[in-house]
Amino acid sequence: MTRIETERLVLRRWRAEDLAPMAAVNSDPEVMRWIGDGSVRTERQTAEAIAAWEREWEAEGHGLFAVELRETGELAGFTGLSVPRFLPEVLPAVEIGWRLGRPFWGRGLATEAARGALRFGRARPGLPRIVSVVQTGNRASERVVHKLGMSLERETVVPSSGRRVRVYAVPTTEE
């Protein structure tokens, strides 16, 4: 089982008991405003998403980690690597992404989690380039990509949502 520990977090594969707390994250309009078209997700949609994330782990050898606080075991959200099929113009690539519930914002946890996922990605031989797709105006995520050492590659529009995004990239190896 893939598991990464950081100073305050555990990044791990998904468990059945993660559904309710992740569904709570996905049902918060403020959390979801920068995701896709901004729609909240139901518990059923969250269950389908977790199943898809686990399938990506099995098929690709990477995926989205459940992020839990080491101190309490509480699920904060996710981070990890996925293929950004929603934006074909950036392929081949894997996207580093994150989504945390509001109680976990403003504490550096997204950056800490994403750094762990980035280290994991860089350790995987043959992984295509690593990008992060951030909706224009999402200043919090832009701060994270800058802390990860990512550089702006392009601005574009996501075909399915029509939303403007910035694509950041980082070398797959440390320079």
# chains A, B, ... in the order shown; residues from 1 in each chain; ligands from 1

call {"tool": "residues_around", "arguments": {"residues": "range 164-172 of chain A", "least_positions_apart": "6", "cutoff": "12 Å", "atoms": "only C-alpha atoms", "output": "PyMOL selection string"}}
result
chain A and resi 34-37+84+86-87+89-91+93-97+115+117-139+141-158

call {"tool": "write_last_selection", "arguments": {"atoms": "C-alpha atoms", "output": "tab-separated table (two decimals), in the first residue's frame"}}
result
chain	number	residue	atom	x	y	z
A	34	TRP	CA	-12.54	26.63	-8.45
A	35	ILE	CA	-13.14	22.98	-9.46
A	36	GLY	CA	-14.50	22.21	-12.94
A	37	ASP	CA	-17.62	24.29	-13.49
A	84	PRO	CA	-5.49	15.69	-16.94
A	86	PHE	CA	-10.02	17.26	-19.33
A	87	LEU	CA	-7.31	19.39	-21.00
A	89	GLU	CA	-3.62	20.08	-25.15
A	90	VAL	CA	-1.25	19.50	-22.19
A	91	LEU	CA	-0.89	15.73	-22.70
A	93	ALA	CA	1.47	14.94	-18.59
A	94	VAL	CA	0.34	14.18	-15.09
A	95	GLU	CA	-1.29	16.87	-13.04
A	96	ILE	CA	-0.50	17.47	-9.42
A	97	GLY	CA	-3.65	18.59	-7.66
A	115	ARG	CA	5.28	18.53	-1.94
A	117	ALA	CA	3.04	14.03	-3.94
A	118	LEU	CA	5.62	15.83	-6.09
A	119	ARG	CA	8.47	13.88	-4.45
A	120	PHE	CA	6.50	10.68	-5.13
A	121	GLY	CA	6.06	11.67	-8.79
A	122	ARG	CA	9.69	12.58	-9.28
A	123	ALA	CA	10.71	9.17	-7.91
A	124	ARG	CA	8.67	7.36	-10.59
A	125	PRO	CA	10.82	6.61	-13.66
A	126	GLY	CA	9.30	7.43	-17.02
A	127	LEU	CA	6.62	9.72	-15.66
A	128	PRO	CA	5.68	12.42	-18.20
A	129	ARG	CA	6.04	16.04	-17.25
A	130	ILE	CA	4.19	17.30	-14.19
A	131	VAL	CA	1.73	20.17	-14.52
A	132	SER	CA	-0.84	21.89	-12.37
A	133	VAL	CA	-3.95	23.42	-13.89
A	134	VAL	CA	-5.25	26.39	-11.88
A	135	GLN	CA	-8.38	28.37	-12.69
A	136	THR	CA	-7.65	32.03	-13.27
A	137	GLY	CA	-8.33	33.91	-10.06
A	138	ASN	CA	-7.61	31.05	-7.66
A	139	ARG	CA	-4.89	32.87	-5.76
A	141	SER	CA	-3.67	27.50	-5.54
A	142	GLU	CA	-1.36	29.85	-7.39
A	143	ARG	CA	0.55	30.40	-4.14
A	144	VAL	CA	0.92	26.62	-3.79
A	145	VAL	CA	2.24	26.12	-7.34
A	146	HIS	CA	4.81	28.89	-6.81
A	147	LYS	CA	5.94	27.27	-3.53
A	148	LEU	CA	6.36	24.00	-5.46
A	149	GLY	CA	8.71	25.77	-7.88
A	150	MET	CA	6.34	25.50	-10.84
A	151	SER	CA	6.50	27.98	-13.71
A	152	LEU	CA	3.69	29.36	-15.84
A	153	GLU	CA	3.61	27.51	-19.14
A	154	ARG	CA	0.42	28.82	-20.76
A	155	GLU	CA	-3.05	30.22	-20.33
A	156	THR	CA	-5.94	28.45	-22.01
A	157	VAL	CA	-9.60	27.46	-21.66
A	158	VAL	CA	-10.93	24.10	-20.44

call {"tool": "select_by_dssp", "arguments": {"residues": "range 3-143 of chain A", "states": "strand (DSSP E or B)", "output": "number ranges by chain"}}
result
A: 3-5, 9-12, 64-69, 75-82, 94-100, 130-135

call {"tool": "residues_around", "arguments": {"residues": "Ala113 in chain A", "least_positions_apart": "2", "cutoff": "8 Å", "atoms": "only C-alpha atoms", "output": "short mmCIF file (atom, residue, chain, number, x, y, z; two decimals) with N, CA, C and O atoms, in the first residue's frame"}}
result
data_model
loop_
_atom_site.label_atom_id
_atom_site.label_comp_id
_atom_site.auth_asym_id
_atom_site.auth_seq_id
_atom_site.Cartn_x
_atom_site.Cartn_y
_atom_site.Cartn_z
N THR A 6 4.47 13.08 5.91
CA THR A 6 5.14 14.36 5.98
C THR A 6 5.13 14.78 7.45
O THR A 6 4.69 14.01 8.31
N LEU A 9 1.19 15.23 7.99
CA LEU A 9 0.18 14.55 7.19
C LEU A 9 0.58 13.11 6.85
O LEU A 9 1.76 12.77 6.84
N LEU A 11 -0.28 10.69 3.55
CA LEU A 11 -0.87 10.55 2.22
C LEU A 11 -0.98 9.05 1.98
O LEU A 11 0.01 8.34 2.05
N VAL A 67 -5.65 12.49 2.10
CA VAL A 67 -4.76 13.25 2.98
C VAL A 67 -5.38 13.28 4.37
O VAL A 67 -6.50 13.76 4.55
N THR A 79 -4.63 14.92 -2.36
CA THR A 79 -3.57 15.44 -3.21
C THR A 79 -3.07 14.29 -4.05
O THR A 79 -3.34 13.14 -3.74
N TRP A 98 -4.82 19.12 -5.64
CA TRP A 98 -5.17 19.02 -4.23
C TRP A 98 -6.56 19.61 -4.04
O TRP A 98 -7.02 20.44 -4.81
N LEU A 109 -1.12 23.26 4.67
CA LEU A 109 -1.30 21.82 4.48
C LEU A 109 -1.35 21.43 3.01
O LEU A 109 -0.83 20.37 2.63
N ALA A 110 -1.95 22.25 2.16
CA ALA A 110 -1.99 21.93 0.73
C ALA A 110 -0.58 21.89 0.16
O ALA A 110 -0.23 20.97 -0.59
N THR A 111 0.25 22.84 0.53
CA THR A 111 1.63 22.86 0.05
C THR A 111 2.39 21.66 0.56
O THR A 111 3.11 20.99 -0.19
N ARG A 115 3.83 18.82 -1.90
CA ARG A 115 5.28 18.53 -1.94
C ARG A 115 5.54 17.04 -1.80
O ARG A 115 6.41 16.49 -2.47
N GLY A 116 4.79 16.38 -0.91
CA GLY A 116 4.92 14.94 -0.78
C GLY A 116 4.55 14.21 -2.06
O GLY A 116 5.24 13.28 -2.49
N ALA A 117 3.47 14.64 -2.69
CA ALA A 117 3.04 14.03 -3.94
C ALA A 117 4.05 14.30 -5.06
O ALA A 117 4.32 13.43 -5.90
#

call {"tool": "select_by_dssp", "arguments": {"residues": "range 46-75 of chain A", "states": "helix (DSSP H, G or I)", "output": "PyMOL selection string"}}
result
chain A and resi 46-60

call {"tool": "write_last_selection", "arguments": {"atoms": "N, CA, C and O atoms", "output": "tab-separated table (two decimals), in the first residue's frame"}}
result
chain	number	residue	atom	x	y	z
A	46	THR	N	-19.18	11.53	-5.18
A	46	THR	CA	-17.90	11.39	-4.48
A	46	THR	C	-17.47	9.93	-4.46
A	46	THR	O	-16.30	9.62	-4.69
A	47	ALA	N	-18.40	9.01	-4.20
A	47	ALA	CA	-18.08	7.58	-4.20
A	47	ALA	C	-17.57	7.15	-5.57
A	47	ALA	O	-16.59	6.39	-5.68
A	48	GLU	N	-18.23	7.64	-6.62
A	48	GLU	CA	-17.80	7.31	-7.99
A	48	GLU	C	-16.40	7.88	-8.27
A	48	GLU	O	-15.58	7.23	-8.92
A	49	ALA	N	-16.15	9.08	-7.76
A	49	ALA	CA	-14.83	9.70	-7.96
A	49	ALA	C	-13.74	8.91	-7.23
A	49	ALA	O	-12.68	8.63	-7.81
A	50	ILE	N	-13.99	8.53	-5.99
A	50	ILE	CA	-13.00	7.75	-5.24
A	50	ILE	C	-12.72	6.44	-5.95
A	50	ILE	O	-11.56	6.01	-6.07
A	51	ALA	N	-13.76	5.77	-6.46
A	51	ALA	CA	-13.56	4.53	-7.20
A	51	ALA	C	-12.70	4.77	-8.44
A	51	ALA	O	-11.80	3.98	-8.76
A	52	ALA	N	-12.94	5.88	-9.13
A	52	ALA	CA	-12.14	6.21	-10.32
A	52	ALA	C	-10.69	6.51	-9.93
A	52	ALA	O	-9.76	6.10	-10.64
A	53	TRP	N	-10.51	7.20	-8.82
A	53	TRP	CA	-9.14	7.49	-8.36
A	53	TRP	C	-8.41	6.20	-8.04
A	53	TRP	O	-7.22	6.05	-8.37
A	54	GLU	N	-9.08	5.26	-7.43
A	54	GLU	CA	-8.45	3.98	-7.12
A	54	GLU	C	-8.15	3.19	-8.40
A	54	GLU	O	-7.12	2.53	-8.48
A	55	ARG	N	-9.03	3.26	-9.39
A	55	ARG	CA	-8.75	2.59	-10.68
A	55	ARG	C	-7.51	3.18	-11.33
A	55	ARG	O	-6.71	2.47	-11.94
A	56	GLU	N	-7.35	4.51	-11.21
A	56	GLU	CA	-6.15	5.14	-11.78
A	56	GLU	C	-4.89	4.63	-11.08
A	56	GLU	O	-3.88	4.38	-11.72
A	57	TRP	N	-4.96	4.45	-9.77
A	57	TRP	CA	-3.82	3.86	-9.06
A	57	TRP	C	-3.46	2.51	-9.66
A	57	TRP	O	-2.29	2.22	-9.90
A	58	GLU	N	-4.47	1.67	-9.87
A	58	GLU	CA	-4.23	0.32	-10.38
A	58	GLU	C	-3.70	0.36	-11.81
A	58	GLU	O	-2.80	-0.41	-12.17
A	59	ALA	N	-4.24	1.23	-12.66
A	59	ALA	CA	-3.87	1.28	-14.06
A	59	ALA	C	-2.54	2.01	-14.30
A	59	ALA	O	-1.76	1.62	-15.17
A	60	GLU	N	-2.30	3.09	-13.56
A	60	GLU	CA	-1.16	3.96	-13.84
A	60	GLU	C	-0.01	3.86	-12.82
A	60	GLU	O	1.08	4.33	-13.09

call {"tool": "residues_around", "arguments": {"residues": "Arg12 in chain A", "least_positions_apart": "3", "cutoff": "8 Å", "atoms": "only C-alpha atoms", "output": "PyMOL selection string"}}
result
chain A and resi 1-4+65-67

call {"tool": "write_last_selection", "arguments": {"atoms": "all heavy atoms", "output": "PDB file, in the first residue's frame"}}
result
ATOM      1  N   MET A   1       0.847  -1.190   0.000  1.00  0.00           N
ATOM      2  CA  MET A   1       0.000   0.000   0.000  1.00  0.00           C
ATOM      3  C   MET A   1       0.883   1.240   0.000  1.00  0.00           C
ATOM      4  O   MET A   1       1.814   1.342   0.763  1.00  0.00           O
ATOM      5  CB  MET A   1      -0.908  -0.019   1.231  1.00  0.00           C
ATOM      6  CG  MET A   1      -1.819   1.172   1.334  1.00  0.00           C
ATOM      7  SD  MET A   1      -2.982   0.995   2.699  1.00  0.00           S
ATOM      8  CE  MET A   1      -4.481   1.307   1.839  1.00  0.00           C
ATOM      9  N   THR A   2       0.599   2.154  -0.880  1.00  0.00           N
ATOM     10  CA  THR A   2       1.374   3.381  -1.006  1.00  0.00           C
ATOM     11  C   THR A   2       1.015   4.332   0.130  1.00  0.00           C
ATOM     12  O   THR A   2      -0.153   4.632   0.349  1.00  0.00           O
ATOM     13  CB  THR A   2       1.095   4.038  -2.361  1.00  0.00           C
ATOM     14  OG1 THR A   2       1.377   3.091  -3.384  1.00  0.00           O
ATOM     15  CG2 THR A   2       1.958   5.257  -2.566  1.00  0.00           C
ATOM     16  N   ARG A   3       2.064   4.793   0.818  1.00  0.00           N
ATOM     17  CA  ARG A   3       1.861   5.690   1.959  1.00  0.00           C
ATOM     18  C   ARG A   3       3.062   6.619   2.047  1.00  0.00           C
ATOM     19  O   ARG A   3       4.204   6.190   1.959  1.00  0.00           O
ATOM     20  CB  ARG A   3       1.729   4.842   3.227  1.00  0.00           C
ATOM     21  CG  ARG A   3       1.555   5.617   4.497  1.00  0.00           C
ATOM     22  CD  ARG A   3       1.538   4.622   5.682  1.00  0.00           C
ATOM     23  NE  ARG A   3       1.510   5.296   6.934  1.00  0.00           N
ATOM     24  CZ  ARG A   3       0.420   5.548   7.641  1.00  0.00           C
ATOM     25  NH1 ARG A   3      -0.752   5.150   7.197  1.00  0.00           N
ATOM     26  NH2 ARG A   3       0.490   6.157   8.791  1.00  0.00           N
ATOM     27  N   ILE A   4       2.770   7.907   2.234  1.00  0.00           N
ATOM     28  CA  ILE A   4       3.814   8.912   2.413  1.00  0.00           C
ATOM     29  C   ILE A   4       3.492   9.671   3.688  1.00  0.00           C
ATOM     30  O   ILE A   4       2.340  10.052   3.913  1.00  0.00           O
ATOM     31  CB  ILE A   4       3.842   9.897   1.225  1.00  0.00           C
ATOM     32  CG1 ILE A   4       4.191   9.164  -0.069  1.00  0.00           C
ATOM     33  CG2 ILE A   4       4.806  11.047   1.490  1.00  0.00           C
ATOM     34  CD1 ILE A   4       4.005  10.008  -1.306  1.00  0.00           C
ATOM     35  N   PHE A  65      -4.041  10.682  -3.539  1.00  0.00           N
ATOM     36  CA  PHE A  65      -3.932  10.192  -2.170  1.00  0.00           C
ATOM     37  C   PHE A  65      -5.020  10.809  -1.298  1.00  0.00           C
ATOM     38  O   PHE A  65      -5.305  12.002  -1.418  1.00  0.00           O
ATOM     39  CB  PHE A  65      -2.606  10.650  -1.535  1.00  0.00           C
ATOM     40  CG  PHE A  65      -1.359  10.082  -2.099  1.00  0.00           C
ATOM     41  CD1 PHE A  65      -0.619  10.788  -3.043  1.00  0.00           C
ATOM     42  CD2 PHE A  65      -0.871   8.863  -1.662  1.00  0.00           C
ATOM     43  CE1 PHE A  65       0.571  10.301  -3.541  1.00  0.00           C
ATOM     44  CE2 PHE A  65       0.322   8.356  -2.142  1.00  0.00           C
ATOM     45  CZ  PHE A  65       1.048   9.074  -3.093  1.00  0.00           C
ATOM     46  N   ALA A  66      -5.566  10.034  -0.389  1.00  0.00           N
ATOM     47  CA  ALA A  66      -6.328  10.608   0.713  1.00  0.00           C
ATOM     48  C   ALA A  66      -5.313  11.303   1.612  1.00  0.00           C
ATOM     49  O   ALA A  66      -4.223  10.778   1.860  1.00  0.00           O
ATOM     50  CB  ALA A  66      -7.059   9.512   1.479  1.00  0.00           C
ATOM     51  N   VAL A  67      -5.649  12.491   2.098  1.00  0.00           N
ATOM     52  CA  VAL A  67      -4.757  13.249   2.982  1.00  0.00           C
ATOM     53  C   VAL A  67      -5.381  13.278   4.368  1.00  0.00           C
ATOM     54  O   VAL A  67      -6.496  13.760   4.546  1.00  0.00           O
ATOM     55  CB  VAL A  67      -4.563  14.701   2.485  1.00  0.00           C
ATOM     56  CG1 VAL A  67      -3.747  15.517   3.474  1.00  0.00           C
ATOM     57  CG2 VAL A  67      -3.909  14.708   1.109  1.00  0.00           C
TER      58      VAL A  67
END

call {"tool": "closest_residue", "arguments": {"among": "A:Val25, A:Met32, A:Val10, A:Ala140", "to": "Arg70 in chain A", "atoms": "only C-alpha atoms"}}
result
A:Val10

call {"tool": "atom_distance", "arguments": {"atom1": "CA of Glu7 in chain A", "atom2": "CA of Met22 in chain A"}}
result
21.9 Å

call {"tool": "atom_distance", "arguments": {"atom1": "CA of Val40 in chain A", "atom2": "CA of Ser27 in chain A"}}
result
4.9 Å

call {"tool": "residues_around", "arguments": {"residues": "Arg102 in chain A", "least_positions_apart": "3", "cutoff": "9 Å", "atoms": "only C-alpha atoms", "output": "PDB file with N, CA and C atoms, in the first residue's frame"}}
result
ATOM      1  N   VAL A  25     -16.425  17.587   1.989  1.00  0.00           N
ATOM      2  CA  VAL A  25     -15.550  18.535   1.289  1.00  0.00           C
ATOM      3  C   VAL A  25     -16.170  18.900  -0.065  1.00  0.00           C
ATOM      4  N   ASP A  28     -19.233  21.417  -0.312  1.00  0.00           N
ATOM      5  CA  ASP A  28     -19.052  22.796   0.134  1.00  0.00           C
ATOM      6  C   ASP A  28     -18.852  23.708  -1.087  1.00  0.00           C
ATOM      7  N   GLU A  30     -17.896  26.724  -1.396  1.00  0.00           N
ATOM      8  CA  GLU A  30     -16.676  27.531  -1.359  1.00  0.00           C
ATOM      9  C   GLU A  30     -15.462  26.694  -1.764  1.00  0.00           C
ATOM     10  N   VAL A  31     -15.423  25.431  -1.365  1.00  0.00           N
ATOM     11  CA  VAL A  31     -14.338  24.537  -1.780  1.00  0.00           C
ATOM     12  C   VAL A  31     -14.406  24.306  -3.285  1.00  0.00           C
ATOM     13  N   ALA A  76      -8.534  15.270   5.571  1.00  0.00           N
ATOM     14  CA  ALA A  76      -8.543  16.687   5.190  1.00  0.00           C
ATOM     15  C   ALA A  76      -8.971  16.880   3.740  1.00  0.00           C
ATOM     16  N   TRP A 105      -7.753  24.978   5.531  1.00  0.00           N
ATOM     17  CA  TRP A 105      -7.149  26.046   4.722  1.00  0.00           C
ATOM     18  C   TRP A 105      -6.295  26.962   5.599  1.00  0.00           C
ATOM     19  N   GLY A 106      -5.341  27.614   4.963  1.00  0.00           N
ATOM     20  CA  GLY A 106      -4.555  28.660   5.619  1.00  0.00           C
ATOM     21  C   GLY A 106      -3.516  28.161   6.597  1.00  0.00           C
TER      22      GLY A 106
END
